[in-house]
Each structure stands twice: as C-alpha cells, then as structure tokens.
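Asks: Provided herewith: upload26.cif, mmCIF, C-alpha atoms.
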data_entry
#
loop_
_atom_site.label_atom_id
_atom_site.label_comp_id
_atom_site.auth_asym_id
_atom_site.auth_seq_id
_atom_site.Cartn_x
_atom_site.Cartn_y
_atom_site.Cartn_z
CA MET A 1 0.00 0.00 0.00
CA ILE A 2 1.34 3.45 -0.95
CA VAL A 3 1.05 5.60 2.16
CA ALA A 4 2.90 8.69 0.93
CA LYS A 5 3.62 10.06 -2.56
CA ASN A 6 6.17 12.85 -2.97
CA ALA A 7 6.02 13.40 -6.73
CA LYS A 8 3.30 13.92 -9.30
CA ALA A 9 3.15 12.65 -12.84
CA GLY A 10 5.22 14.84 -15.18
CA GLU A 11 7.45 16.32 -12.48
CA THR A 12 11.22 16.21 -12.80
CA VAL A 13 12.74 14.23 -9.96
CA GLN A 14 16.26 14.27 -8.61
CA THR A 15 18.48 11.24 -8.41
CA GLY A 16 21.35 10.41 -6.12
CA GLY A 17 21.87 10.14 -2.40
CA GLY A 18 20.18 13.43 -1.49
CA ALA A 19 17.02 12.81 -3.50
CA ALA A 20 13.70 12.42 -1.68
CA PRO A 21 11.90 9.09 -2.20
CA LEU A 22 9.19 9.12 -4.86
CA CYS A 23 6.81 7.34 -2.48
CA ILE A 24 6.63 5.27 0.69
CA ILE A 25 5.18 1.78 0.42
CA TYR A 26 4.12 -0.33 3.43
CA ASP A 27 3.78 -4.09 3.35
CA LEU A 28 0.74 -4.43 5.63
CA ARG A 29 0.65 -8.21 5.64
CA TRP A 30 2.40 -7.96 9.02
CA LEU A 31 3.47 -5.26 11.48
CA GLU A 32 6.43 -4.81 13.79
CA LEU A 33 6.24 -3.42 17.30
CA SER A 34 9.34 -1.83 18.82
CA LEU A 35 9.68 -2.11 22.61
CA SER A 36 12.15 -0.67 25.10
CA VAL A 37 12.61 -3.25 27.85
CA ASP A 38 14.13 -2.46 31.24
CA GLU A 39 17.44 -4.06 32.14
CA LEU A 40 15.80 -5.91 35.04
CA ASP A 41 13.58 -7.84 32.61
CA ILE A 42 15.71 -8.17 29.48
CA LEU A 43 17.45 -11.41 30.54
CA SER A 44 14.06 -13.15 30.57
CA LEU A 45 13.44 -12.41 26.89
CA SER A 46 14.54 -14.28 23.78
CA ALA A 47 13.45 -14.64 20.18
CA GLY A 48 10.48 -16.93 19.69
CA GLN A 49 8.54 -16.02 22.84
CA THR A 50 4.83 -15.32 22.37
CA VAL A 51 3.41 -11.86 22.96
CA ALA A 52 -0.15 -10.72 23.76
CA LEU A 53 -0.95 -7.24 22.45
CA THR A 54 -3.69 -4.72 23.09
CA ALA A 55 -4.16 -1.23 21.66
CA ASP A 56 -6.27 1.63 23.02
CA ALA A 57 -7.26 2.47 19.45
CA VAL A 58 -8.85 -0.98 19.07
CA PRO A 59 -10.72 -1.59 22.36
CA GLY A 60 -12.00 -5.03 23.20
CA GLN A 61 -9.58 -6.85 20.88
CA SER A 62 -6.29 -8.60 21.50
CA PHE A 63 -3.59 -9.65 19.09
CA SER A 64 -0.78 -12.16 19.18
CA GLY A 65 2.80 -11.73 18.12
CA VAL A 66 6.25 -13.24 18.54
CA VAL A 67 9.57 -11.78 19.66
CA THR A 68 11.86 -11.62 16.62
CA SER A 69 14.91 -9.88 18.05
CA VAL A 70 16.44 -8.77 21.35
CA LEU A 71 19.31 -6.34 20.75
CA LEU A 72 22.30 -6.20 23.06
CA THR A 73 22.93 -2.49 22.52
CA GLY A 74 21.07 -0.74 25.32
CA SER A 75 20.57 2.96 25.92
CA ALA A 76 20.95 4.56 29.36
CA SER A 77 18.77 7.37 30.67
CA GLY A 78 18.26 8.53 34.24
CA GLY A 79 20.35 5.69 35.65
CA THR A 80 18.31 2.98 33.90
CA THR A 81 19.26 1.03 30.79
CA THR A 82 16.68 -0.21 28.30
CA TYR A 83 17.13 -2.58 25.38
CA PRO A 84 15.32 -2.64 22.02
CA VAL A 85 13.03 -5.62 21.44
CA THR A 86 11.14 -6.25 18.20
CA VAL A 87 7.80 -8.08 18.04
CA ARG A 88 6.22 -9.26 14.78
CA VAL A 89 2.43 -9.40 14.41
CA ASP A 90 1.47 -11.62 11.47
CA GLN A 91 -2.29 -10.96 11.70
CA PRO A 92 -2.61 -7.26 12.59
CA GLY A 93 -6.28 -6.98 11.64
CA PRO A 94 -7.36 -3.35 12.22
CA LEU A 95 -3.98 -2.33 13.70
CA MET A 96 -2.28 0.39 11.70
CA PRO A 97 1.35 1.59 11.50
CA GLY A 98 2.12 4.18 14.16
CA MET A 99 -0.48 2.99 16.68
CA ASN A 100 0.60 2.54 20.28
CA ALA A 101 0.18 -0.90 21.82
CA SER A 102 0.79 -2.64 25.14
CA ALA A 103 2.62 -5.97 25.14
CA LYS A 104 2.71 -8.87 27.59
CA ILE A 105 5.48 -11.33 26.85
CA GLU A 106 5.21 -14.88 28.15
CA VAL A 107 8.57 -15.80 29.66
CA GLY A 108 7.44 -19.10 31.16
CA ARG A 109 4.44 -21.32 31.71
CA ALA A 110 3.41 -23.52 34.63
CA GLU A 111 0.46 -25.88 34.30
CA ASN A 112 -1.67 -26.85 37.32
CA ALA A 113 0.55 -24.77 39.58
CA LEU A 114 -0.02 -24.04 43.25
CA ALA A 115 -0.13 -20.25 43.43
CA VAL A 116 -0.52 -17.52 46.05
CA PRO A 117 -0.85 -13.74 45.74
CA ALA A 118 2.60 -12.37 44.86
CA ALA A 119 2.41 -9.89 47.75
CA ALA A 120 2.34 -12.79 50.23
CA LEU A 121 6.01 -13.69 49.73
CA VAL A 122 8.24 -12.40 52.55
CA ARG A 123 12.03 -11.90 52.31
CA GLY A 124 12.12 -13.70 49.00
CA GLY A 125 11.35 -17.16 50.34
CA TYR A 126 8.82 -17.30 53.17
CA LEU A 127 5.03 -17.40 53.55
CA LEU A 128 2.92 -16.75 56.63
CA VAL A 129 0.42 -19.57 57.25
CA THR A 130 -2.06 -20.24 60.03
CA ASP A 131 -0.73 -22.55 62.72
CA THR A 132 -3.52 -25.02 61.88
CA SER A 133 -2.26 -25.43 58.30
CA PRO A 134 -0.58 -28.77 57.47
CA SER A 135 2.69 -27.04 56.50
CA ALA A 136 2.84 -25.27 59.89
CA ALA A 137 4.45 -28.45 61.21
CA ARG A 138 7.67 -27.27 59.50
CA PRO A 139 8.09 -23.66 60.71
CA ALA A 140 11.06 -21.63 59.50
CA PRO A 141 13.65 -21.33 62.31
CA GLY A 142 14.38 -17.85 63.56
CA MET A 143 11.29 -16.27 61.99
CA GLN A 144 8.99 -14.58 64.54
CA ALA A 145 5.33 -14.73 63.49
CA PRO A 146 2.18 -13.20 65.00
CA ALA A 147 0.14 -15.33 67.37
CA GLY A 148 -1.75 -18.04 65.49
CA TYR A 149 0.66 -18.05 62.55
CA VAL A 150 4.04 -19.44 61.54
CA TYR A 151 6.44 -18.69 58.70
CA VAL A 152 7.34 -21.53 56.37
CA ALA A 153 10.17 -21.64 53.82
CA VAL A 154 9.01 -22.05 50.22
CA GLU A 155 10.53 -22.30 46.75
CA PRO A 156 8.97 -19.61 44.53
CA GLY A 157 8.56 -20.08 40.78
CA LEU A 158 7.01 -18.04 38.01
CA SER A 159 5.04 -14.86 38.66
CA ASP A 160 2.67 -12.72 36.61
CA ASN A 161 2.98 -9.86 39.13
CA ASP A 162 -0.41 -10.75 40.63
CA PHE A 163 0.13 -14.39 41.57
CA LEU A 164 3.25 -16.40 42.35
CA GLU A 165 3.86 -20.08 41.68
CA ILE A 166 5.05 -22.04 44.72
CA LYS A 167 7.08 -25.10 43.73
CA SER A 168 7.47 -26.52 47.23
CA GLY A 169 7.05 -25.68 50.91
CA ILE A 170 3.26 -25.45 51.24
CA GLN A 171 0.23 -27.56 50.40
CA GLU A 172 -3.04 -26.74 48.66
CA THR A 173 -4.94 -27.01 51.95
CA ASP A 174 -2.74 -24.45 53.74
CA THR A 175 -4.18 -21.02 54.54
CA VAL A 176 -1.77 -18.24 53.65
CA ALA A 177 -2.12 -14.85 55.35
CA TYR A 178 -0.61 -11.53 54.35
CA THR A 179 -1.25 -7.81 54.49
CA ALA A 180 -3.03 -6.86 51.30
CA PRO A 181 -2.03 -3.70 49.40
CA ALA A 182 -4.00 -0.62 50.43
CA SER A 183 -5.73 -0.56 47.03
CA ALA A 184 -7.06 -4.10 47.53
CA SER A 185 -8.13 -4.20 51.16
CA SER A 186 -7.85 -2.26 54.38
CA GLY A 187 -7.28 -5.31 56.51
CA GLU A 188 -5.83 -8.77 56.37
CA ALA A 189 -6.27 -11.04 53.37
CA PHE A 190 -6.30 -14.83 53.24
CA PHE A 191 -5.70 -17.23 50.38
CA SER A 192 -6.62 -20.87 50.54
CA GLY A 193 -6.87 -23.20 47.57
CA ASP A 194 -8.59 -21.48 44.65
CA GLU A 195 -10.41 -18.92 46.80
CA PHE A 196 -9.23 -15.46 47.70
CA GLY A 197 -10.95 -12.91 49.86
CA GLY A 198 -10.40 -10.08 52.27
CA LEU A 199 -11.21 -9.93 55.96
CA LEU A 200 -11.80 -6.39 57.24
#
Show me the file's structure as structure tokens.
Replies:
Amino acid sequence: MIVAKNAKAGETVQTGGGAAPLCIIYDLRWLELSLSVDELDILSLSAGQTVALTADAVPGQSFSGVVTSVLLTGSASGGTTTYPVTVRVDQPGPLMPGMNASAKIEVGRAENALAVPAAALVRGGYLLVTDTSPSAARPAPGMQAPAGYVYVAVEPGLSDNDFLEIKSGIQETDTVAYTAPASASSGEAFFSGDEFGGLL
C-alpha cells in the first residue's frame, strides 16, 4: 500500500543520495512493534517467545505476536538502561502503523501450579500460614510470626505480578495470610486453595 507520494506525474525528480523518495510503500501483511525493555527484565526475553498485544485504538480486541529480536545495545537514561526488542504481528487486523500498543510477553508457563498472591512472599522465600495449616508443622527457624501463625520456607517459581507459583514448601490445603495492598483491602487477606478474599 502506498502511504505517501512525494512526486506527481510529469514532475522532474532528482536522483542520487540526497534525493527524496518518490513514495513510501508499506507491506501491511504484518506489522512490527518496537519495545524498550528495562534491564531488570531483558534477561528473561529471547526470540520466539509469544506476545499478547492490546491497543487503546482498538478496544476489546487482542492480538498475538512473537519476539523476533532482542538487541544487546542498550541505551541509558536517568540511571536505567533499556534494550530494544522487536515483536512481529502476522495478523494485525485493524492495527495500523504508528499505533501505540501494550505488550505482555510470556517468559514461562506452569500448568496446574499451586499459586498464592505475589504480595504474600516475605524476604524472597517465606510465607505466613495459620498454625492449623498442614505445613505449619515445619516452621522456619528464627522467623517470629504473629500469634496463630508461623512462617514456612518455600521455593517460589514463576510470577505474573499478581500471583506467584510455589514449587514446594506449602500444600493446597494451607491457609496463607498476608497484608493486602492498600488498594485491595484495608485489613488482612487470606488465600486458601482457589479462593481469595479479604477480611476487614
């Protein structure tokens, strides 16, 4: 598709390195999305990972893409380095060149995982459970817990920022307690099995 034309029929055009292009042609069979990824996340990315895309200009629709390149030449600004990542969208549908989009890149997958709210993890490897939970029989030494609770050591896995996979250390029947973020609850929150709720 010709998206810009810089010359009209009959006009004399220049040639050589300084000449303006006669026209700009886009191949709209696929689109590329350019991302700037923070240095804290870049090591989790590689070519071939799947990407879920949404665009404010196309509400209610999502699109899929794939990471095609992760460049090693980062740019630093304000004490933070970001790296260019390119995502290819083979079925762009109504997406158009120049539109802004948000991308979620899948860096791992865990099937049938035992998960807890990500905010429940303490000091990178502990969860607070009620003292009646089965895993409370193995309390973490040296960790002082409130009355009625104990800390247990766990092995964390993948996280989607909301929930965290727990590979070992607790059971599905344990009740995990934590202080919920102020935006979620004003009191204490509990998570047990597949149910999550707040207790004011």
Asks: If you measure from atom CA of A:Ile105 to atom CA of A:Gly169, what distance in Å do you get, rounded to one decimal?
Replies: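 Computing it gives 28.1 Å between the two atoms.
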Asks: One decimal, Å: what's the distance from atom CA of A:Gln171 over to atom CA of A:Pro134, could you say?
Replies: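 Calculated distance between atom CA of A:Gln171 and atom CA of A:Pro134 is 7.2 Å.
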Asks: With all atoms listed in the file as the basis for distance, which of A:Pro97, A:Ala7, A:Gly48, A:Leu72 is at the shortest distance from A:Leu28?
Replies: A:Pro97
Asks: Smallest atom-to-atom distance to A:Leu43: which of A:Ala177, A:Val70, A:Met96, A:Asn6, using all atoms listed in the file?
Replies: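 Looking only at the distances to A:Leu43, the closest residue turns out to be A:Val70.
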Asks: Rounded to one decimal in Å, what is the spacing between atom CA of A:Ala118 and atom CA of A:Leu35?
Replies: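 It comes out at 25.5 Å.
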